[in-house]
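Below is one structure, written out as structure tokens; comments come after it.
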Protein chains: 2
Amino acid sequence: MTTRATELLRVVHARPGVTRADAARMIGVGTGAATELVGRLGQAQLLAEGPTAPSGARGRPTTALIPHPRGPLIAAASITHESWRVDVVELGGSVLATAGEELAGRGGDEVVAALGAAVQRLRLEHGDRIRGIGISVPGTVSRDLMLDASQLGWHEVDLAAAWPRAETFVAGNDATLAASAESRRGVAVGAAVALHLRIEAGLGGAVVDGGKVLIGALGASGEFGHMPFGDPAVRCPCGAYGCWGTAVDGSALARLLGHAAPRDPVSYARRIINSPEPGPVAATAAVATALGRGIAGLVNGLDADLVTLGGLGVDLLAAAPERIAAAYGAGLMDFRRAAPPPVLPALLGDDGPIAGAAEEAWTALLTRLV
Amino acid sequence: MTTRATELLRVVHARPGVTRADAARMIGVGTGAATELVGRLGQAQLLAEGPTAPSGARGRPTTALIPHPRGPLIAAASITHESWRVDVVELGGSVLATAGEELAGRGGDEVVAALGAAVQRLRLEHGDRIRGIGISVPGTVSRDLMLDASQLGWHEVDLAAAWPRAETFVAGNDATLAASAESRRGVAVGAAVALHLRIEAGLGGAVVDGGKVLIGALGASGEFGHMPFGDPAVRCPCGAYGCWGTAVDGSALARLLGHAAPRDPVSYARRIINSPEPGPVAATAAVATALGRGIAGLVNGLDADLVTLGGLGVDLLAAAPERIAAAYGAGLMDFRRAAPPPVLPALLGDDGPIAGAAEEAWTALLTRLV
DNA sequence: GACAATAAACTCCTGTTCCGAGCAAAAGAA
DNA sequence: TTCTTTTGCTCGGAACAGGAGTTTATTGTC
């Protein structure tokens with residue numbers, strides 16, 4: 001049941017500071033309804049009105065719609081392979097406070113407990129204004145909020161322990177959430193179907209269709225690194241052969257260069273990609289070609305109109321743009337070659353996952369605020 | 001703005017003949033609201049009430065909710081490579097009338113005109129009850145309803161000419177619409193993410209996420225046949241190399257058997273697949289392996305919980321189930337192997353596309369009926 | 001056959017939301 | 001100042017949704 005009030009909150013969340021008159025036009029109500037709506041949402045401590053910069057145009061000046069100073073907040077958390085962090089985020093996406101620390105080798109349950117303690121402290125500071133939480137994790141999350149992060153060696157970690165009685169609780173894969181953020185506050189705003197790919201230790205990603213991220217049946221959508229675009233002779237740690245991920249990540253570079261498997265594949269890969277030596281340049285070119293070819297296949301199959309690259313994808317795009325473009329163009333279906341969907345570096349960088357956690361938590365909360 | 005009335009209509013459409021009491025429980029209203037809703041929708045000639053079979057349980061008997069005998073209808077049309085057809089479909093999916101004929105080599109505009117004339121005749125017969133149209137086509141449809149069907153040699157055919165001033169007009173690819181139908185009235189009912197694949201002359205398909213078909217940015221989603229799961233040495237008519245479609249359709253069988261490219265690849269392929277000779281059996285096995293491997297890749301990437309096969313996929317599944325299963329299992333990521341998403345033949349068969357056209361047209365119309 | 005038990009439909013009333021018409025207010029332009 | 005333009009405010013009516021209590025139609029039991 002989408003009510004006008006929810007629509008207005010969504011508009012203000014998408015563009016905080018929007019003028020009241022513009023917002024009314026966007027949701028298609030008259031000035032009478034706008035007065036009633038803004039009044040009601042102000043009473044409910046959800047919206048406030050602020051001054052606008054003089055527009056210079058004729059007519060009665062309008063006000064800017066901003067989050068209420070005592071309005072609801074959400075906690076956005078991110079766990080990476082080396083640290084965790086929690087932000088307190090208001091309507092519109094601004095961060096009011098933050099906390100975090102290094103993982104320091106601790107186990108999953110310990111880290112979730114530490115994160116939960118930080119959320120409790122922030123809730124005390126903000127007087128129960130924090131109404132929900134979104135968590136980004138480097139792994140897959142089942143519908144009952146159990147986390148599996150093979151990269152960290154964590155299995156069956158109960159994320160719900162971070163805030164057991166939260167009114168709104170969402171959690172998701174970091175690549176999935178980065179895609180969400182990129183589609184709402186990054187370069188993919190307005191794309192009909194955005195494909196986001198993130199190369200770190202492995203290749204993950206997500207599809208955002210009409211602003212909605214596809215999470216899949218088990219919350220494990222976007223594992224494009226395990227589509228068989230690669231060499232069928234190479235065995236992937238996942239058990240299958242020919243996975244695309246094995247052709248574009250650090251392990252692929254090491255294999256091409258005859259190096260042993262690197263301890264930290266991400267910084268190893270970044271070093272190789274940015275190296276001017278002929279060996280690394282050739283290996284980087286091979287990886288860029290595999291990346292471009294796979295992107296073309298995904299664009300063909302999913303009909304995306306925009307592709308964003310995160311993580312090492314940004315480095316590859318900077319180091320070998322023509323290799324990626326050539327393989328991408330060659331792999332597209334005929335009718336797409338005239339206007340290939342752009343392949344762009346993600347705008348939000350390392351903040352993508354936590355920003356996406358905030359977006360998804362806000363989206364979930366907004367449907368409940370009436 | 002989803003109102004209770006629309007929700008109720010959707011419930012009745014999904015399960016015509018549902019009892020009034022059950023429907024009220026499904027949409028979460030009390031008996032008072034149900035009385036008011038059913039009364040209002042009856043007045044508007046959208047719903048009628050019919051008798052129910054005695055349940056044998058205690059209590060006042062309830063009535064069955066059925067489409068109103070003078071209620072709105074939609075026209076569902078399908079154009080295939082050999083014929084066209086129009087059905088008149090009421091709420092709930094029952095077909096009231098039908099018309100159609102062979103293409104007989106006519107061009108796209110002629111066929112659309114003939115189809116439009118049939119729709120006009122049906123509208124006269126049904127006294128303007130027909131409120132919208134859905135059309136399934138063997139090609140891609142742009143947002144402004146221009147059809148491109150390279151298989152038929154049709155380009156820039158204006159589908160809107162079939163009914164220029166239709167209140168509701170939807171059109172889509174046959175594989176996409178078959179997926180929609182399969183997810184609403186076929187084996188994929190209830191699947192969170194259903195992947196539908198249809199092999200005919202080429203391989204197409206669609207993803208249905210939470211009951212919604214992904215149509216893509218240009219209406220060309222689901223061209224999974226052009227993902228590079230195949231042999232990189234084989235050139236696809238689309239211009240790219242290694243397309244999966246070239247590894248699983250009739251042309252693949254012909255190549256494996258050393259035959260010339262067949263005139264009618266669909267019936268050729270069906271003959272080979274069902275042949276008991278050793279050569280065809282081996283070729284079929286190779287194609288089944290390529291199919292299973294690709295399905296696994298798509299399931300990995302999209303996290304589907306159900307896969308349905310249509311067209312020649314049904315024949316392949318019948319002829320070489322163990323080959324498909326073996327390649328499918330081998331290609332899945334470790335954590336999926338314990339409970340692989342089932343791969344099933346589509347239930348609706350050749351009626352899938354037209355049934356999907358009806359579903360999509362009804363979905364579009366229902367949001368307008370209030 | 002009378003009566004209890006049960007499930008569902010009906011009536012009536014109230015509160016919320018939404019919208020439009022007309023009016024008032026705050027700015028720039030003449 | 002006065003006019004024009006844009007926006008906000010007030011008020012009344014309509015549609016919708018929901019709840020409490022009542023009535024109705026059926027099955028089960030004595």
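In the structure tokens, each chain is lettered A, B, ... as it comes, each chain's residues begin at 1, and ligands are numbered from 1 in order of appearance.
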Using 12 Å as the limit and counting only C-alpha atoms (C1' of nucleotides), can you tabulate each residue of chain D that touches chain A, with its shortest atom-to-atom distance in Å and the two atoms involved, as JSON lines?
{"residue": "D:DT4", "atom": "C1'", "partner": "A:Arg58", "partner_atom": "CA", "distance": 8.4}
{"residue": "D:DT5", "atom": "C1'", "partner": "A:Gly59", "partner_atom": "CA", "distance": 4.8}
{"residue": "D:DT6", "atom": "C1'", "partner": "A:Gly59", "partner_atom": "CA", "distance": 3.7}
{"residue": "D:DT7", "atom": "C1'", "partner": "A:Arg60", "partner_atom": "CA", "distance": 5.0}
{"residue": "D:DG8", "atom": "C1'", "partner": "A:Thr31", "partner_atom": "CA", "distance": 7.0}
{"residue": "D:DC9", "atom": "C1'", "partner": "A:Gly32", "partner_atom": "CA", "distance": 7.4}
{"residue": "D:DT10", "atom": "C1'", "partner": "A:Gly32", "partner_atom": "CA", "distance": 8.8}
{"residue": "D:DC11", "atom": "C1'", "partner": "A:Gly32", "partner_atom": "CA", "distance": 10.3}
{"residue": "D:DA17", "atom": "C1'", "partner": "A:Met1", "partner_atom": "CA", "distance": 11.9}
How about saving the chosen residues, C-alpha atoms (C1' of nucleotides) kept, as a PDB file, in the first residue's frame?
ATOM      1  C1'  DT D   4       2.087  39.385 -12.050  1.00  0.00           C
ATOM      2  C1'  DT D   5       3.611  35.077 -10.672  1.00  0.00           C
ATOM      3  C1'  DT D   6       4.213  31.335  -7.720  1.00  0.00           C
ATOM      4  C1'  DT D   7       3.268  29.138  -3.730  1.00  0.00           C
ATOM      5  C1'  DG D   8       1.024  28.130   0.709  1.00  0.00           C
ATOM      6  C1'  DC D   9      -3.411  27.783   3.470  1.00  0.00           C
ATOM      7  C1'  DT D  10      -8.398  26.720   4.624  1.00  0.00           C
ATOM      8  C1'  DC D  11     -12.324  24.231   4.013  1.00  0.00           C
ATOM      9  C1'  DA D  17     -10.656   1.289   5.222  1.00  0.00           C
TER      10       DA D  17
END
Interface, chain C side, toward chain B (12 Å; only C-alpha atoms (C1' of nucleotides)) as a PyMOL selection string
chain C and resi 5-12+18
Mind checking which residues fall within 9 Å of Gly132 (chain A), counting only C-alpha atoms (C1' of nucleotides), ignoring those fewer than 3 positions away in the same chain, and posting them as a VMD selection string?
chain A and resid 72 to 76 163 166 to 170 361 to 362 364 to 365
Could I get chain A fitted onto chain B (least squares, all C-alpha atoms, in order) as a compact mmCIF listing (two decimals) with C-alpha atoms, in the first residue's frame?
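This went into selection.txt:
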# COMPACT_ATOMS: atom_id res chain seq x y z
CA MET A 1 -1.09 3.17 -5.31
CA THR A 2 -2.20 -0.33 -4.52
CA THR A 3 -5.71 -0.34 -3.21
CA ARG A 4 -7.59 -3.21 -1.62
CA ALA A 5 -9.81 -3.45 -4.67
CA THR A 6 -6.81 -4.04 -6.93
CA GLU A 7 -5.42 -6.58 -4.51
CA LEU A 8 -8.69 -8.47 -4.55
CA LEU A 9 -8.83 -8.47 -8.35
CA ARG A 10 -5.29 -9.81 -8.46
CA VAL A 11 -6.20 -12.62 -6.09
CA VAL A 12 -9.22 -13.56 -8.19
CA HIS A 13 -7.14 -13.42 -11.35
CA ALA A 14 -4.50 -15.70 -9.85
CA ARG A 15 -7.08 -18.20 -8.58
CA PRO A 16 -10.48 -17.70 -10.19
CA GLY A 17 -13.23 -19.29 -8.14
CA VAL A 18 -11.49 -18.55 -4.83
CA THR A 19 -14.02 -18.30 -2.04
CA ARG A 20 -14.87 -14.89 -0.80
CA ALA A 21 -13.84 -15.72 2.76
CA ASP A 22 -10.45 -17.07 1.64
CA ALA A 23 -9.82 -14.06 -0.55
CA ALA A 24 -10.58 -11.72 2.33
CA ARG A 25 -8.10 -13.57 4.51
CA MET A 26 -5.45 -13.46 1.77
CA ILE A 27 -5.58 -9.72 1.41
CA GLY A 28 -6.00 -9.26 5.13
CA VAL A 29 -9.35 -7.54 5.49
CA GLY A 30 -12.28 -8.27 7.73
CA THR A 31 -15.71 -9.42 6.66
CA GLY A 32 -17.08 -5.90 6.66
CA ALA A 33 -14.48 -4.67 4.24
CA ALA A 34 -14.98 -7.77 2.12
CA THR A 35 -18.69 -7.06 1.78
CA GLU A 36 -18.00 -3.48 0.80
CA LEU A 37 -15.27 -4.49 -1.67
CA VAL A 38 -17.17 -7.26 -3.38
CA GLY A 39 -20.24 -5.04 -3.59
CA ARG A 40 -18.28 -2.23 -5.15
CA LEU A 41 -16.51 -4.47 -7.66
CA GLY A 42 -19.79 -6.15 -8.54
CA GLN A 43 -21.38 -2.75 -9.22
CA ALA A 44 -18.41 -1.92 -11.43
CA GLN A 45 -19.03 -5.15 -13.39
CA LEU A 46 -15.65 -6.56 -12.50
CA LEU A 47 -16.52 -9.43 -10.20
CA ALA A 48 -19.48 -11.72 -9.76
CA GLU A 49 -20.33 -14.29 -7.13
CA GLY A 50 -21.11 -17.90 -7.85
CA PRO A 51 -22.12 -20.91 -5.80
CA THR A 52 -19.48 -23.04 -4.15
CA ALA A 53 -19.44 -26.79 -3.83
CA PRO A 54 -20.65 -27.66 -0.32
CA SER A 55 -17.57 -27.84 1.85
CA GLY A 56 -19.09 -30.16 4.43
CA ALA A 57 -17.74 -27.98 7.21
CA ARG A 58 -19.84 -26.05 9.69
CA GLY A 59 -20.67 -22.44 9.29
CA ARG A 60 -22.44 -20.17 6.87
CA PRO A 61 -21.51 -21.09 3.30
CA THR A 62 -19.44 -18.62 1.34
CA THR A 63 -19.55 -17.73 -2.33
CA ALA A 64 -17.00 -18.13 -5.10
CA LEU A 65 -15.54 -15.03 -6.73
CA ILE A 66 -15.59 -15.27 -10.51
CA PRO A 67 -15.15 -12.85 -13.37
CA HIS A 68 -18.21 -10.75 -14.14
CA PRO A 69 -20.11 -11.97 -17.23
CA ARG A 70 -20.02 -8.45 -18.66
CA GLY A 71 -16.60 -7.62 -17.23
CA PRO A 72 -13.50 -6.47 -19.07
CA LEU A 73 -11.53 -8.78 -21.35
CA ILE A 74 -8.15 -8.62 -22.98
CA ALA A 75 -6.92 -9.85 -26.34
CA ALA A 76 -3.86 -12.05 -26.20
CA ALA A 77 -2.03 -12.51 -29.48
CA SER A 78 0.89 -14.61 -30.54
CA ILE A 79 2.92 -14.47 -33.73
CA THR A 80 5.15 -17.47 -34.38
CA HIS A 81 7.38 -18.27 -37.31
CA GLU A 82 4.48 -19.95 -39.07
CA SER A 83 1.17 -18.50 -37.85
CA TRP A 84 -0.60 -15.91 -35.75
CA ARG A 85 -3.46 -16.24 -33.29
CA VAL A 86 -5.60 -14.05 -31.04
CA ASP A 87 -7.42 -15.23 -27.93
CA VAL A 88 -10.01 -13.33 -25.94
CA VAL A 89 -9.20 -13.87 -22.27
CA GLU A 90 -11.24 -13.03 -19.20
CA LEU A 91 -10.11 -12.34 -15.66
CA GLY A 92 -8.63 -15.55 -14.34
CA GLY A 93 -7.18 -16.64 -17.66
CA SER A 94 -10.04 -18.47 -19.36
CA VAL A 95 -10.18 -18.17 -23.14
CA LEU A 96 -13.59 -17.13 -24.51
CA ALA A 97 -12.88 -16.96 -28.23
CA THR A 98 -10.03 -17.35 -30.64
CA ALA A 99 -9.00 -16.52 -34.18
CA GLY A 100 -5.90 -17.01 -36.33
CA GLU A 101 -4.33 -18.21 -39.53
CA GLU A 102 -1.04 -19.16 -41.19
CA LEU A 103 1.52 -16.50 -42.03
CA ALA A 104 1.83 -17.89 -45.58
CA GLY A 105 4.96 -15.88 -46.21
CA ARG A 106 3.39 -12.49 -45.71
CA GLY A 107 5.40 -9.54 -44.41
CA GLY A 108 5.29 -8.15 -40.93
CA ASP A 109 3.07 -5.14 -41.59
CA GLU A 110 0.56 -7.32 -43.44
CA VAL A 111 0.44 -9.83 -40.63
CA VAL A 112 -0.01 -7.11 -38.03
CA ALA A 113 -2.82 -5.64 -40.14
CA ALA A 114 -4.55 -9.03 -40.39
CA LEU A 115 -4.18 -9.50 -36.66
CA GLY A 116 -5.56 -6.01 -36.06
CA ALA A 117 -8.58 -6.78 -38.24
CA ALA A 118 -9.24 -9.92 -36.22
CA VAL A 119 -9.05 -7.88 -33.01
CA GLN A 120 -11.58 -5.42 -34.46
CA ARG A 121 -13.98 -8.26 -35.29
CA LEU A 122 -13.62 -9.69 -31.81
CA ARG A 123 -14.25 -6.26 -30.32
CA LEU A 124 -17.48 -5.96 -32.26
CA GLU A 125 -18.56 -9.42 -31.06
CA HIS A 126 -17.77 -8.59 -27.44
CA GLY A 127 -19.26 -5.11 -27.32
CA ASP A 128 -16.19 -3.14 -26.29
CA ARG A 129 -15.54 -5.35 -23.33
CA ILE A 130 -12.02 -5.92 -24.70
CA ARG A 131 -9.91 -3.30 -22.99
CA GLY A 132 -6.35 -4.12 -23.90
CA ILE A 133 -4.01 -6.33 -25.87
CA GLY A 134 -0.86 -8.32 -25.26
CA ILE A 135 1.23 -9.62 -28.13
CA SER A 136 3.91 -12.28 -28.15
CA VAL A 137 6.45 -12.11 -30.97
CA PRO A 138 9.49 -14.15 -32.04
CA GLY A 139 11.87 -11.21 -31.75
CA THR A 140 12.59 -8.10 -29.74
CA VAL A 141 10.19 -5.24 -29.09
CA SER A 142 11.38 -1.72 -28.35
CA ARG A 143 9.64 0.56 -25.87
CA ASP A 144 7.78 2.27 -28.69
CA LEU A 145 6.38 -1.07 -29.87
CA MET A 146 8.58 -1.56 -32.91
CA LEU A 147 9.27 -5.22 -33.62
CA ASP A 148 12.49 -6.70 -34.96
CA ALA A 149 12.33 -10.38 -35.86
CA SER A 150 15.47 -11.30 -37.76
CA GLN A 151 14.37 -14.92 -37.94
CA LEU A 152 11.36 -13.86 -40.04
CA GLY A 153 13.28 -11.14 -41.87
CA TRP A 154 11.02 -8.48 -40.32
CA HIS A 155 12.46 -5.15 -39.26
CA GLU A 156 10.85 -2.07 -37.76
CA VAL A 157 7.36 -3.53 -37.85
CA ASP A 158 4.94 -1.28 -35.98
CA LEU A 159 2.95 -3.50 -33.62
CA ALA A 160 0.86 -0.56 -32.44
CA ALA A 161 -0.94 -0.75 -35.79
CA ALA A 162 -2.77 -3.84 -34.50
CA TRP A 163 -4.87 -1.56 -32.28
CA PRO A 164 -3.68 2.02 -32.42
CA ARG A 165 -5.78 3.47 -29.62
CA ALA A 166 -5.68 0.57 -27.17
CA GLU A 167 -5.99 1.61 -23.53
CA THR A 168 -3.52 -1.11 -22.52
CA PHE A 169 -0.94 -2.38 -24.96
CA VAL A 170 1.92 -4.70 -24.05
CA ALA A 171 4.17 -6.70 -26.30
CA GLY A 172 7.15 -8.90 -25.70
CA ASN A 173 9.43 -11.64 -26.79
CA ASP A 174 7.90 -15.12 -26.90
CA ALA A 175 10.47 -16.64 -24.54
CA THR A 176 10.02 -13.79 -22.08
CA LEU A 177 6.27 -14.18 -22.09
CA ALA A 178 6.43 -17.96 -21.84
CA ALA A 179 8.49 -17.42 -18.70
CA SER A 180 5.85 -15.13 -17.31
CA ALA A 181 3.12 -17.67 -17.95
CA GLU A 182 5.17 -20.49 -16.50
CA SER A 183 5.67 -18.47 -13.32
CA ARG A 184 1.99 -17.73 -12.88
CA ARG A 185 0.18 -20.76 -14.19
CA GLY A 186 2.90 -23.35 -14.79
CA VAL A 187 5.48 -25.28 -12.81
CA ALA A 188 7.29 -22.17 -11.60
CA VAL A 189 4.44 -20.86 -9.48
CA GLY A 190 5.89 -19.85 -6.13
CA ALA A 191 9.52 -19.85 -7.21
CA ALA A 192 11.48 -16.91 -5.82
CA VAL A 193 13.67 -16.62 -8.92
CA ALA A 194 12.68 -18.73 -11.90
CA LEU A 195 14.91 -19.12 -14.93
CA HIS A 196 13.14 -20.11 -18.10
CA LEU A 197 15.05 -21.28 -21.20
CA ARG A 198 13.52 -21.94 -24.58
CA ILE A 199 15.44 -23.58 -27.38
CA GLU A 200 14.04 -23.24 -30.87
CA ALA A 201 16.04 -21.65 -33.67
CA GLY A 202 18.43 -20.25 -31.11
CA LEU A 203 18.22 -20.04 -27.36
CA GLY A 204 16.24 -17.42 -25.50
CA GLY A 205 14.75 -17.14 -22.10
CA ALA A 206 13.91 -14.94 -19.20
CA VAL A 207 14.34 -14.46 -15.49
CA VAL A 208 11.27 -14.02 -13.31
CA ASP A 209 12.08 -12.42 -9.97
CA GLY A 210 9.28 -12.49 -7.43
CA GLY A 211 6.68 -12.90 -10.17
CA LYS A 212 8.01 -10.03 -12.25
CA VAL A 213 9.69 -10.77 -15.59
CA LEU A 214 12.85 -8.81 -16.24
CA ILE A 215 12.44 -7.19 -19.62
CA GLY A 216 15.73 -5.34 -19.78
CA ALA A 217 16.60 -1.81 -20.80
CA LEU A 218 15.58 -2.27 -24.44
CA GLY A 219 13.11 -5.11 -24.00
CA ALA A 220 15.82 -7.53 -25.11
CA SER A 221 16.63 -9.29 -21.87
CA GLY A 222 16.94 -13.05 -21.82
CA GLU A 223 19.22 -13.48 -24.83
CA PHE A 224 21.17 -16.06 -22.89
CA GLY A 225 22.05 -17.79 -26.13
CA HIS A 226 24.49 -14.95 -26.70
CA MET A 227 26.49 -15.43 -23.55
CA PRO A 228 29.94 -16.88 -24.34
CA PHE A 229 29.59 -20.29 -22.74
CA GLY A 230 30.36 -22.00 -26.05
CA ASP A 231 33.41 -22.72 -28.19
CA PRO A 232 35.29 -19.43 -28.78
CA ALA A 233 36.17 -20.64 -32.26
CA VAL A 234 32.56 -20.76 -33.47
CA ARG A 235 31.18 -17.56 -34.92
CA CYS A 236 27.55 -16.79 -34.18
CA PRO A 237 25.26 -15.08 -36.71
CA CYS A 238 25.04 -12.26 -34.15
CA GLY A 239 28.67 -11.38 -34.89
CA ALA A 240 30.21 -12.56 -31.63
CA TYR A 241 32.23 -15.71 -30.98
CA GLY A 242 31.52 -18.55 -28.61
CA CYS A 243 27.82 -17.86 -28.11
CA TRP A 244 26.09 -20.55 -26.05
CA GLY A 245 23.25 -20.74 -28.55
CA THR A 246 25.60 -22.06 -31.24
CA ALA A 247 26.41 -24.99 -28.94
CA VAL A 248 22.89 -26.16 -28.17
CA ASP A 249 20.59 -25.59 -31.15
CA GLY A 250 20.03 -27.37 -34.45
CA SER A 251 23.08 -25.78 -36.03
CA ALA A 252 25.24 -27.30 -33.29
CA LEU A 253 23.86 -30.77 -34.02
CA ALA A 254 24.42 -30.31 -37.74
CA ARG A 255 28.00 -29.17 -37.15
CA LEU A 256 28.71 -32.12 -34.87
CA LEU A 257 27.27 -34.55 -37.41
CA GLY A 258 28.94 -32.92 -40.39
CA HIS A 259 25.58 -32.05 -41.94
CA ALA A 260 24.89 -28.90 -43.91
CA ALA A 261 22.94 -26.17 -42.13
CA PRO A 262 19.32 -27.45 -42.06
CA ARG A 263 16.51 -25.49 -43.71
CA ASP A 264 14.21 -25.90 -40.69
CA PRO A 265 16.56 -26.22 -37.71
CA VAL A 266 13.80 -26.92 -35.20
CA SER A 267 12.30 -30.02 -36.80
CA TYR A 268 15.78 -31.14 -37.86
CA ALA A 269 16.96 -30.91 -34.26
CA ARG A 270 13.89 -32.69 -32.96
CA ARG A 271 14.52 -35.54 -35.40
CA ILE A 272 18.17 -35.88 -34.39
CA ILE A 273 17.48 -35.68 -30.67
CA ASN A 274 14.89 -38.43 -30.87
CA SER A 275 16.95 -40.64 -33.18
CA PRO A 276 18.32 -43.91 -31.77
CA GLU A 277 21.35 -43.97 -34.15
CA PRO A 278 24.76 -43.75 -32.44
CA GLY A 279 25.88 -40.58 -34.28
CA PRO A 280 22.81 -38.55 -33.34
CA VAL A 281 22.91 -39.94 -29.80
CA ALA A 282 26.51 -38.76 -29.36
CA ALA A 283 25.73 -35.35 -30.85
CA THR A 284 22.69 -35.05 -28.60
CA ALA A 285 24.84 -35.92 -25.60
CA ALA A 286 27.35 -33.20 -26.49
CA VAL A 287 24.58 -30.65 -26.83
CA ALA A 288 22.98 -31.78 -23.57
CA THR A 289 26.33 -31.33 -21.82
CA ALA A 290 26.68 -27.80 -23.20
CA LEU A 291 23.15 -27.06 -22.06
CA GLY A 292 23.71 -28.36 -18.53
CA ARG A 293 26.96 -26.49 -18.13
CA GLY A 294 25.39 -23.22 -19.22
CA ILE A 295 22.37 -23.69 -16.98
CA ALA A 296 24.72 -24.16 -14.04
CA GLY A 297 26.50 -20.92 -14.90
CA LEU A 298 23.23 -19.01 -15.04
CA VAL A 299 22.03 -20.53 -11.77
CA ASN A 300 25.35 -19.57 -10.15
CA GLY A 301 25.13 -16.02 -11.38
CA LEU A 302 21.43 -15.35 -10.95
CA ASP A 303 20.69 -17.53 -7.92
CA ALA A 304 17.57 -19.08 -9.42
CA ASP A 305 15.71 -21.67 -7.40
CA LEU A 306 13.97 -23.25 -10.38
CA VAL A 307 14.81 -23.75 -14.05
CA THR A 308 12.22 -24.56 -16.69
CA LEU A 309 12.99 -25.67 -20.23
CA GLY A 310 10.77 -25.05 -23.21
CA GLY A 311 10.85 -25.88 -26.93
CA LEU A 312 13.61 -28.32 -27.84
CA GLY A 313 14.79 -28.16 -24.24
CA VAL A 314 11.91 -30.49 -23.39
CA ASP A 315 13.13 -33.02 -25.96
CA LEU A 316 16.71 -32.77 -24.74
CA LEU A 317 15.62 -33.23 -21.16
CA ALA A 318 13.70 -36.35 -22.16
CA ALA A 319 16.45 -37.76 -24.40
CA ALA A 320 19.55 -37.17 -22.26
CA PRO A 321 18.52 -36.34 -18.70
CA GLU A 322 21.65 -37.80 -17.13
CA ARG A 323 23.97 -35.82 -19.43
CA ILE A 324 22.24 -32.59 -18.54
CA ALA A 325 22.22 -33.45 -14.85
CA ALA A 326 25.91 -34.39 -14.83
CA ALA A 327 27.07 -31.22 -16.57
CA TYR A 328 24.67 -29.14 -14.48
CA GLY A 329 25.91 -30.60 -11.21
CA ALA A 330 29.55 -30.24 -12.20
CA GLY A 331 29.09 -26.59 -13.08
CA LEU A 332 27.35 -25.54 -9.88
CA MET A 333 29.20 -23.81 -7.07
CA ASP A 334 30.03 -26.12 -4.16
CA PHE A 335 27.39 -24.83 -1.79
CA ARG A 336 24.60 -25.40 -4.31
CA ARG A 337 25.35 -29.06 -5.00
CA ALA A 338 23.60 -30.31 -1.89
CA ALA A 339 20.25 -29.06 -3.18
CA PRO A 340 20.50 -28.08 -6.84
CA PRO A 341 17.55 -26.06 -8.12
CA PRO A 342 15.32 -28.42 -10.13
CA VAL A 343 15.43 -28.35 -13.93
CA LEU A 344 11.94 -29.13 -15.22
CA PRO A 345 10.14 -29.18 -18.55
CA ALA A 346 7.78 -26.25 -19.00
CA LEU A 347 4.16 -27.14 -18.34
CA LEU A 348 2.47 -24.89 -20.86
CA GLY A 349 4.38 -25.97 -23.94
CA ASP A 350 3.49 -24.11 -27.11
CA ASP A 351 0.73 -22.16 -25.35
CA GLY A 352 3.28 -20.50 -23.08
CA PRO A 353 3.88 -17.39 -25.16
CA ILE A 354 0.23 -16.53 -25.75
CA ALA A 355 -0.65 -17.33 -22.15
CA GLY A 356 2.14 -15.00 -21.07
CA ALA A 357 0.85 -12.26 -23.35
CA ALA A 358 -2.52 -12.63 -21.62
CA GLU A 359 -0.91 -12.51 -18.17
CA GLU A 360 1.13 -9.41 -18.87
CA ALA A 361 -1.82 -7.60 -20.45
CA TRP A 362 -4.02 -8.48 -17.49
CA THR A 363 -1.33 -7.35 -15.06
CA ALA A 364 -1.11 -4.02 -16.84
CA LEU A 365 -4.88 -3.65 -17.03
CA LEU A 366 -5.49 -4.57 -13.39
CA THR A 367 -3.49 -1.61 -12.15
CA ARG A 368 -5.88 0.69 -14.05
CA LEU A 369 -9.22 -0.80 -13.14
CA VAL A 370 -9.13 0.53 -9.56
Assign secondary structure with DSSP using the backbone only, and return the residues of region 51-118 of chain A in strand (DSSP E or B) as an NGL selection string.
:A and (64-67 or 73-79 or 83-90 or 95-102)
Output of the above residues as a tab-separated table (two decimals), in the first residue's frame, restricted to C-alpha atoms:
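Listing of part_5.tsv after writing:
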chain	number	residue	atom	x	y	z
A	64	ALA	CA	13.28	22.98	1.42
A	65	LEU	CA	12.28	19.59	2.77
A	66	ILE	CA	14.94	18.13	5.04
A	67	PRO	CA	15.10	15.31	7.54
A	73	LEU	CA	17.87	7.09	11.80
A	74	ILE	CA	19.32	3.84	10.64
A	75	ALA	CA	22.62	2.14	11.39
A	76	ALA	CA	24.60	1.10	8.34
A	77	ALA	CA	27.36	-1.40	8.97
A	78	SER	CA	30.03	-2.90	6.81
A	79	ILE	CA	32.32	-5.83	7.49
A	83	SER	CA	37.76	-4.19	9.51
A	84	TRP	CA	34.20	-3.35	10.47
A	85	ARG	CA	32.42	-0.02	10.70
A	86	VAL	CA	29.01	1.36	11.65
A	87	ASP	CA	27.57	4.66	10.43
A	88	VAL	CA	24.48	6.41	11.72
A	89	VAL	CA	22.58	7.67	8.68
A	90	GLU	CA	19.64	10.04	8.49
A	95	VAL	CA	26.18	10.27	8.05
A	96	LEU	CA	25.83	11.65	11.59
A	97	ALA	CA	28.25	9.45	13.50
A	98	THR	CA	30.54	6.53	12.94
A	99	ALA	CA	32.41	3.81	14.80
A	100	GLY	CA	34.63	0.88	13.88
A	101	GLU	CA	37.85	-1.01	14.30
A	102	GLU	CA	40.13	-3.65	12.75
